[in-house]
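Data from start-v1.cif: mmCIF, C-alpha atoms
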```
data_target
loop_
_atom_site.label_atom_id
_atom_site.label_comp_id
_atom_site.auth_asym_id
_atom_site.auth_seq_id
_atom_site.Cartn_x
_atom_site.Cartn_y
_atom_site.Cartn_z
CA MET A 267 95.42 107.56 116.00
CA VAL A 268 95.22 104.87 113.34
CA ASN A 269 93.57 105.42 109.99
CA ASP A 270 91.89 102.92 107.71
CA ASN A 271 93.91 102.63 104.51
CA THR A 272 92.75 99.14 103.57
CA ASN A 273 91.03 100.49 100.45
CA ILE A 274 94.29 101.81 98.99
CA THR A 275 95.95 99.26 96.73
CA PHE A 276 99.53 98.56 97.69
CA PRO A 277 101.87 99.20 94.70
CA ASP A 278 103.00 95.82 93.45
CA THR A 279 102.82 96.26 89.68
CA LYS A 280 105.06 97.90 87.14
CA SER A 281 102.25 100.31 86.26
CA THR A 282 102.72 102.30 89.49
CA ARG A 283 103.91 105.82 88.77
CA ALA A 284 106.02 108.09 90.93
CA PHE A 285 105.91 111.87 91.03
CA VAL A 286 107.05 114.71 93.27
CA VAL A 287 105.34 117.60 95.02
CA ILE A 288 107.85 120.41 95.45
CA PHE A 289 107.06 122.85 98.24
CA ALA A 290 108.51 126.24 97.24
CA GLY A 291 106.29 128.65 99.12
CA GLY A 292 108.81 130.22 101.49
CA THR A 293 108.99 133.99 101.83
CA GLY A 294 112.66 134.21 102.76
CA VAL A 295 112.08 135.96 106.10
CA ARG A 296 114.96 134.20 107.85
CA MET A 297 117.13 134.83 104.78
CA ASN A 298 116.54 138.60 105.10
CA THR A 299 115.82 138.72 101.37
CA ARG A 300 113.62 141.66 100.43
CA ALA A 301 113.61 141.32 96.64
CA LEU A 302 113.23 137.57 96.05
CA PRO A 303 112.13 134.60 98.15
CA LYS A 304 114.95 132.18 98.90
CA GLN A 305 113.83 129.59 96.32
CA PHE A 306 114.47 132.12 93.54
CA LEU A 307 117.89 133.29 94.74
CA VAL A 308 120.53 132.64 92.10
CA ILE A 309 123.47 130.40 92.97
CA HIS A 310 125.87 129.20 90.29
CA GLY A 311 123.88 130.86 87.55
CA LYS A 312 120.46 129.40 88.36
CA PRO A 313 117.71 129.88 90.95
CA VAL A 314 117.91 127.36 93.79
CA LEU A 315 114.47 126.01 92.81
CA ILE A 316 115.72 125.23 89.30
CA HIS A 317 118.72 123.32 90.67
CA THR A 318 116.25 121.20 92.66
CA LEU A 319 113.80 120.71 89.79
CA GLU A 320 116.54 119.64 87.39
CA VAL A 321 117.40 116.66 89.60
CA PHE A 322 113.83 115.35 89.41
CA GLU A 323 113.61 116.29 85.73
CA GLY A 324 116.63 114.09 85.03
CA CYS A 325 115.45 111.10 87.07
CA THR A 326 113.82 108.53 84.79
CA GLU A 327 111.65 107.14 87.61
CA ILE A 328 109.85 110.47 88.09
CA ASP A 329 106.76 110.84 85.92
CA GLY A 330 105.82 114.39 86.84
CA ILE A 331 106.41 117.42 89.05
CA ILE A 332 103.90 119.59 90.89
CA VAL A 333 105.25 122.86 92.30
CA VAL A 334 103.55 124.71 95.16
CA VAL A 335 104.32 128.41 95.56
CA SER A 336 102.74 131.38 97.26
CA PRO A 337 99.76 132.77 95.30
CA ASP A 338 101.63 135.97 94.44
CA GLN A 339 104.58 133.99 93.05
CA ILE A 340 102.73 131.79 90.54
CA GLU A 341 103.32 134.03 87.52
CA TYR A 342 107.00 134.51 88.38
CA ALA A 343 107.47 130.78 88.98
CA ASN A 344 105.86 130.00 85.63
CA ASP A 345 108.26 132.36 83.86
CA VAL A 346 111.34 130.98 85.62
CA ILE A 347 110.42 127.34 85.04
CA ALA A 348 109.59 127.99 81.37
CA LYS A 349 112.97 129.66 80.90
CA TYR A 350 114.79 126.51 81.99
CA ASN A 351 112.57 124.08 80.05
CA ILE A 352 111.48 121.84 82.91
CA SER A 353 109.25 119.55 80.86
CA LYS A 354 107.86 117.27 83.60
CA ILE A 355 105.85 120.03 85.25
CA LYS A 356 102.23 118.93 85.64
CA ALA A 357 101.06 122.02 87.50
CA ILE A 358 102.16 125.07 89.46
CA THR A 359 99.63 125.68 92.21
CA ALA A 360 99.06 128.07 95.08
CA GLY A 361 100.03 127.22 98.62
CA GLY A 362 98.10 127.89 101.81
CA GLN A 363 98.62 129.71 105.07
CA SER A 364 101.10 127.14 106.41
CA GLY A 365 103.53 124.61 105.04
CA GLN A 366 101.11 121.84 105.97
CA ASP A 367 98.30 123.58 104.08
CA SER A 368 100.53 124.14 101.07
CA ILE A 369 101.58 120.51 100.79
CA TYR A 370 97.93 119.47 101.04
CA ASN A 371 97.07 121.83 98.19
CA GLY A 372 99.80 120.22 96.12
CA LEU A 373 98.48 116.74 96.91
CA LEU A 374 94.94 117.74 95.95
CA LYS A 375 96.25 119.03 92.63
CA ALA A 376 98.12 115.74 92.19
CA GLN A 377 94.87 113.80 92.43
CA LYS A 378 93.92 115.27 89.04
CA PHE A 379 96.83 113.37 87.48
CA TYR A 380 97.57 110.37 89.72
CA LYS A 381 95.86 107.51 91.55
CA ASP A 382 95.84 106.77 95.27
CA CYS A 383 98.23 103.86 94.71
CA ASP A 384 100.81 106.04 92.94
CA ILE A 385 103.91 107.16 94.82
CA VAL A 386 104.43 110.78 95.83
CA LEU A 387 107.74 112.22 96.97
CA ILE A 388 107.41 115.42 99.00
CA HIS A 389 110.44 117.66 98.75
CA ASP A 390 111.64 121.17 99.57
CA GLY A 391 112.32 123.48 96.64
CA VAL A 392 115.36 124.82 98.50
CA ARG A 393 116.95 121.41 99.05
CA PRO A 394 118.90 120.85 95.79
CA PHE A 395 121.69 118.49 96.92
CA ILE A 396 119.89 115.27 96.14
CA ASP A 397 120.45 112.83 93.31
CA SER A 398 118.63 110.20 91.29
CA GLU A 399 119.97 107.45 93.52
CA LEU A 400 118.25 108.88 96.61
CA ILE A 401 115.04 109.40 94.64
CA LYS A 402 115.09 105.81 93.38
CA LYS A 403 115.77 104.44 96.87
CA ASN A 404 112.76 106.36 98.18
CA ILE A 405 110.55 104.89 95.47
CA GLU A 406 111.78 101.34 96.07
CA CYS A 407 111.28 101.75 99.83
CA VAL A 408 107.66 102.83 99.33
CA LYS A 409 107.06 99.87 97.03
CA LYS A 410 108.35 97.57 99.76
CA TYR A 411 107.20 99.24 102.98
CA ARG A 412 104.53 101.81 101.97
CA CYS A 413 106.48 104.87 103.09
CA ALA A 414 110.03 106.24 103.19
CA VAL A 415 111.75 109.15 104.89
CA SER A 416 115.20 110.35 103.89
CA ALA A 417 117.32 110.85 106.98
CA VAL A 418 120.90 111.36 108.06
CA LYS A 419 122.54 109.88 111.15
CA GLU A 420 123.02 112.30 114.03
CA SER A 421 126.74 112.85 114.61
CA GLU A 422 126.53 115.10 117.68
CA SER A 423 125.53 114.25 121.24
CA VAL A 424 121.93 115.26 121.98
CA VAL A 425 120.73 115.96 125.51
CA VAL A 426 117.39 116.71 127.13
CA ALA A 427 117.38 119.76 129.40
CA GLU A 428 115.00 121.70 131.63
CA ASP A 429 115.74 125.06 133.26
CA GLY A 430 119.25 124.96 131.86
CA LYS A 431 120.05 121.57 133.39
CA ILE A 432 120.55 118.29 131.55
CA THR A 433 117.87 115.83 132.58
CA ALA A 434 118.62 112.99 130.16
CA LEU A 435 121.27 111.78 127.76
CA THR A 436 120.50 110.11 124.45
CA ASP A 437 122.24 107.36 122.52
CA LYS A 438 123.25 109.11 119.29
CA SER A 439 123.69 105.77 117.52
CA ARG A 440 119.87 105.55 117.54
CA LEU A 441 119.24 109.14 116.45
CA TRP A 442 118.47 110.27 112.91
CA ILE A 443 117.57 113.67 111.44
CA ALA A 444 114.57 113.50 109.11
CA ARG A 445 115.09 115.35 105.84
CA ALA A 446 113.58 115.05 102.37
CA PRO A 447 112.30 113.65 100.14
CA GLN A 448 109.63 112.01 102.28
CA SER A 449 107.66 109.52 100.23
CA PHE A 450 104.27 107.82 100.49
CA LEU A 451 101.34 106.39 98.60
CA LEU A 452 99.29 109.36 97.46
CA GLY A 453 96.13 108.00 99.07
CA ASP A 454 97.84 107.45 102.43
CA ILE A 455 99.23 110.96 102.81
CA VAL A 456 96.03 112.62 101.54
CA MET A 457 94.02 110.64 104.10
CA ALA A 458 96.40 111.70 106.87
CA HIS A 459 95.97 115.36 105.89
CA LYS A 460 92.18 114.99 105.91
CA LYS A 461 92.32 113.51 109.43
CA ALA A 462 94.43 116.45 110.58
CA ILE A 463 91.93 118.88 109.07
CA GLU A 464 89.06 117.11 110.86
CA GLU A 465 90.91 117.49 114.16
CA GLU A 466 92.03 121.04 113.33
CA ARG A 467 95.67 120.02 113.75
CA LYS A 468 98.27 122.20 112.06
CA ASP A 469 101.17 121.51 114.39
CA PHE A 470 102.96 118.76 112.48
CA ALA A 471 106.59 119.52 111.71
CA ASP A 472 106.60 117.59 108.45
CA SER A 473 104.88 114.86 106.46
CA CYS A 474 106.74 112.20 108.42
CA ALA A 475 105.18 113.41 111.69
CA LEU A 476 101.77 113.64 110.05
CA ILE A 477 101.75 110.10 108.63
CA SER A 478 103.17 108.74 111.87
CA ASN A 479 100.23 110.15 113.82
CA TYR A 480 97.54 108.87 111.48
CA SER A 481 98.79 105.49 110.27
CA ASP A 482 99.59 102.09 111.69
CA PHE A 483 102.51 101.13 109.48
CA ALA A 484 106.20 101.56 110.25
CA ILE A 485 108.11 104.46 108.73
CA HIS A 486 111.29 103.26 107.07
CA ILE A 487 114.47 105.29 106.71
CA VAL A 488 116.39 105.87 103.50
CA GLU A 489 119.83 107.12 104.48
CA CYS A 490 120.95 110.27 102.69
CA ARG A 491 124.14 112.28 102.57
CA SER A 492 124.88 114.94 105.19
CA ASP A 493 124.91 117.65 102.50
CA ASN A 494 121.18 117.13 101.86
CA ILE A 495 120.37 120.42 103.57
CA LYS A 496 117.96 123.23 102.73
CA LEU A 497 118.52 126.94 102.32
CA THR A 498 117.13 128.66 105.41
CA THR A 499 119.51 131.33 106.75
CA PRO A 500 121.96 133.81 105.17
CA GLU A 501 124.81 131.58 106.32
CA ASP A 502 123.34 128.70 104.33
CA PHE A 503 123.77 130.72 101.13
CA PHE A 504 127.55 130.59 101.49
CA VAL A 505 127.47 126.91 102.45
CA PHE A 506 125.44 126.20 99.32
CA ARG A 507 127.92 128.07 97.17
CA ALA A 508 130.77 126.05 98.64
CA PHE A 509 128.93 122.78 97.96
CA PHE A 510 128.35 123.78 94.34
CA ASP A 511 132.03 124.74 94.00
CA LYS A 512 133.05 121.37 95.43
CA ARG A 513 130.71 119.48 93.11
CA ASP A 514 131.95 121.36 90.04
CA SER A 515 135.58 120.77 91.03
CA SER A 516 135.02 117.04 91.46
CA GLN A 517 133.45 116.81 88.01
CA LEU A 518 136.57 118.34 86.48
CA LEU A 519 138.94 115.80 88.03
#
```
Could the structure of this file be written out as structure tokens, please?
Amino acid sequence: MVNDNTNITFPDTKSTRAFVVIFAGGTGVRMNTRALPKQFLVIHGKPVLIHTLEVFEGCTEIDGIIVVVSPDQIEYANDVIAKYNISKIKAITAGGQSGQDSIYNGLLKAQKFYKDCDIVLIHDGVRPFIDSELIKKNIECVKKYRCAVSAVKESESVVVAEDGKITALTDKSRLWIARAPQSFLLGDIVMAHKKAIEEERKDFADSCALISNYSDFAIHIVECRSDNIKLTTPEDFFVFRAFFDKRDSSQLL
């Protein structure tokens, strides 16, 4: 389905602002964490969410940050964020029943601070291995093409199978894995969410899939590093710790 976004001004002036909606509403079920959700687990002295927020805090192109958490985590998130002096926070708001609902709540909150022609980056609170360069490339890509999706090239062979039998082979040189941030004009992604609500669709894997279904413009890739992963399973915790160790070691050389 194609939407009508002709009323949204394409960003072609220096006055366009960029901000980020951080989705941090996970409950940590797959992490088997009973005490704290995964975004608040401490690695290298700080909660994972803080590691993520500090990257956006330090990026000069980012005007503000909106954090979406579960309703019962708002007070705790406020305390944690205040402790680490994240000054670009515009709001900490409650998520919904699904990830799609939660992101929409964050976008609605963003409309109190930003215009439809401003640029929104949508990012996972448990995906801290990004940098200002990737953020800036996302912003520049949206300015040029209207949307941007961070992605990494697929390095493994991918096959299609049915009943345990391979039915098709794929050319991995054409395959990419969509990650985050995923970046859009605020008006575009809000309109796509509204269309999904009208059709009672809650089956979209991410914002990239949502905008693809409800827009008529091409989605452009911003290549990111392979370590741009998110914390999902207990095994990821140890991978994260190793990445932080590697980063700290490289800074000492």
For this session: Could you tell me which residues the PyMOL selection byres ((chain A and resi 318) around 8) grabs in this file, written as JSON, numbers by chain?
Result: {"A": [314, 315, 316, 317, 319, 320, 321, 322, 391, 392, 393, 394, 395, 396]}
Problem set entry | Counting only C-alpha atoms, the option among A:Ser368, A:Asn479, A:Thr498, A:Ser449 closest to Glu465 of chain A |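 When distances to Glu465 of chain A are compared using only C-alpha atoms, the smallest one comes from A:Asn479.
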Would you list the contacts of segment 407-418 of chain A as a PDB file with C-alpha atoms, in the coordinates of the input, taking every protein, DNA or RNA residue within 10 Å and counting only C-alpha atoms, but skipping same-chain residues closer than 4 positions in sequence?
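Writing done, so here's selection20.pdb:
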```pdb
ATOM      1  CA  PHE A 276      99.530  98.560  97.690  1.00  0.00           C
ATOM      2  CA  PRO A 277     101.870  99.200  94.700  1.00  0.00           C
ATOM      3  CA  ASP A 278     103.000  95.820  93.450  1.00  0.00           C
ATOM      4  CA  THR A 279     102.820  96.260  89.680  1.00  0.00           C
ATOM      5  CA  THR A 282     102.720 102.300  89.490  1.00  0.00           C
ATOM      6  CA  CYS A 383      98.230 103.860  94.710  1.00  0.00           C
ATOM      7  CA  ASP A 384     100.810 106.040  92.940  1.00  0.00           C
ATOM      8  CA  ILE A 385     103.910 107.160  94.820  1.00  0.00           C
ATOM      9  CA  VAL A 386     104.430 110.780  95.830  1.00  0.00           C
ATOM     10  CA  LEU A 387     107.740 112.220  96.970  1.00  0.00           C
ATOM     11  CA  ILE A 388     107.410 115.420  99.000  1.00  0.00           C
ATOM     12  CA  LEU A 400     118.250 108.880  96.610  1.00  0.00           C
ATOM     13  CA  ILE A 401     115.040 109.400  94.640  1.00  0.00           C
ATOM     14  CA  LYS A 402     115.090 105.810  93.380  1.00  0.00           C
ATOM     15  CA  LYS A 403     115.770 104.440  96.870  1.00  0.00           C
ATOM     16  CA  LEU A 441     119.240 109.140 116.450  1.00  0.00           C
ATOM     17  CA  TRP A 442     118.470 110.270 112.910  1.00  0.00           C
ATOM     18  CA  ILE A 443     117.570 113.670 111.440  1.00  0.00           C
ATOM     19  CA  ALA A 444     114.570 113.500 109.110  1.00  0.00           C
ATOM     20  CA  ARG A 445     115.090 115.350 105.840  1.00  0.00           C
ATOM     21  CA  ALA A 446     113.580 115.050 102.370  1.00  0.00           C
ATOM     22  CA  PRO A 447     112.300 113.650 100.140  1.00  0.00           C
ATOM     23  CA  GLN A 448     109.630 112.010 102.280  1.00  0.00           C
ATOM     24  CA  SER A 449     107.660 109.520 100.230  1.00  0.00           C
ATOM     25  CA  PHE A 450     104.270 107.820 100.490  1.00  0.00           C
ATOM     26  CA  LEU A 451     101.340 106.390  98.600  1.00  0.00           C
ATOM     27  CA  ASP A 454      97.840 107.450 102.430  1.00  0.00           C
ATOM     28  CA  ILE A 455      99.230 110.960 102.810  1.00  0.00           C
ATOM     29  CA  SER A 473     104.880 114.860 106.460  1.00  0.00           C
ATOM     30  CA  CYS A 474     106.740 112.200 108.420  1.00  0.00           C
ATOM     31  CA  ILE A 477     101.750 110.100 108.630  1.00  0.00           C
ATOM     32  CA  PHE A 483     102.510 101.130 109.480  1.00  0.00           C
ATOM     33  CA  ALA A 484     106.200 101.560 110.250  1.00  0.00           C
ATOM     34  CA  ILE A 485     108.110 104.460 108.730  1.00  0.00           C
ATOM     35  CA  HIS A 486     111.290 103.260 107.070  1.00  0.00           C
ATOM     36  CA  ILE A 487     114.470 105.290 106.710  1.00  0.00           C
ATOM     37  CA  VAL A 488     116.390 105.870 103.500  1.00  0.00           C
ATOM     38  CA  GLU A 489     119.830 107.120 104.480  1.00  0.00           C
ATOM     39  CA  CYS A 490     120.950 110.270 102.690  1.00  0.00           C
ATOM     40  CA  ARG A 491     124.140 112.280 102.570  1.00  0.00           C
ATOM     41  CA  SER A 492     124.880 114.940 105.190  1.00  0.00           C
ATOM     42  CA  ASP A 493     124.910 117.650 102.500  1.00  0.00           C
ATOM     43  CA  ASN A 494     121.180 117.130 101.860  1.00  0.00           C
TER      44      ASN A 494
END
```
Exercise. List as number ranges by chain: which residues have an atom within 10 Å of (95.4, 113.7, 106.4), counting all atoms listed in the file?
Worked result: A: 269, 366, 370, 453-465, 467, 473, 476-477, 479-481
Exercise. To one decimal place, how far is atom CA of Ile358 of chain A from atom CA of Leu374 of chain A in Å?
Worked result: 12.2 Å
Problem set entry | Minimum-distance residue to Lys419 of chain A, chosen among A:Asn404, A:Gln339, A:Ser478, A:Ser439 (using all atoms listed in the file) |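 So, comparing all the options, the nearest one is A:Ser439.
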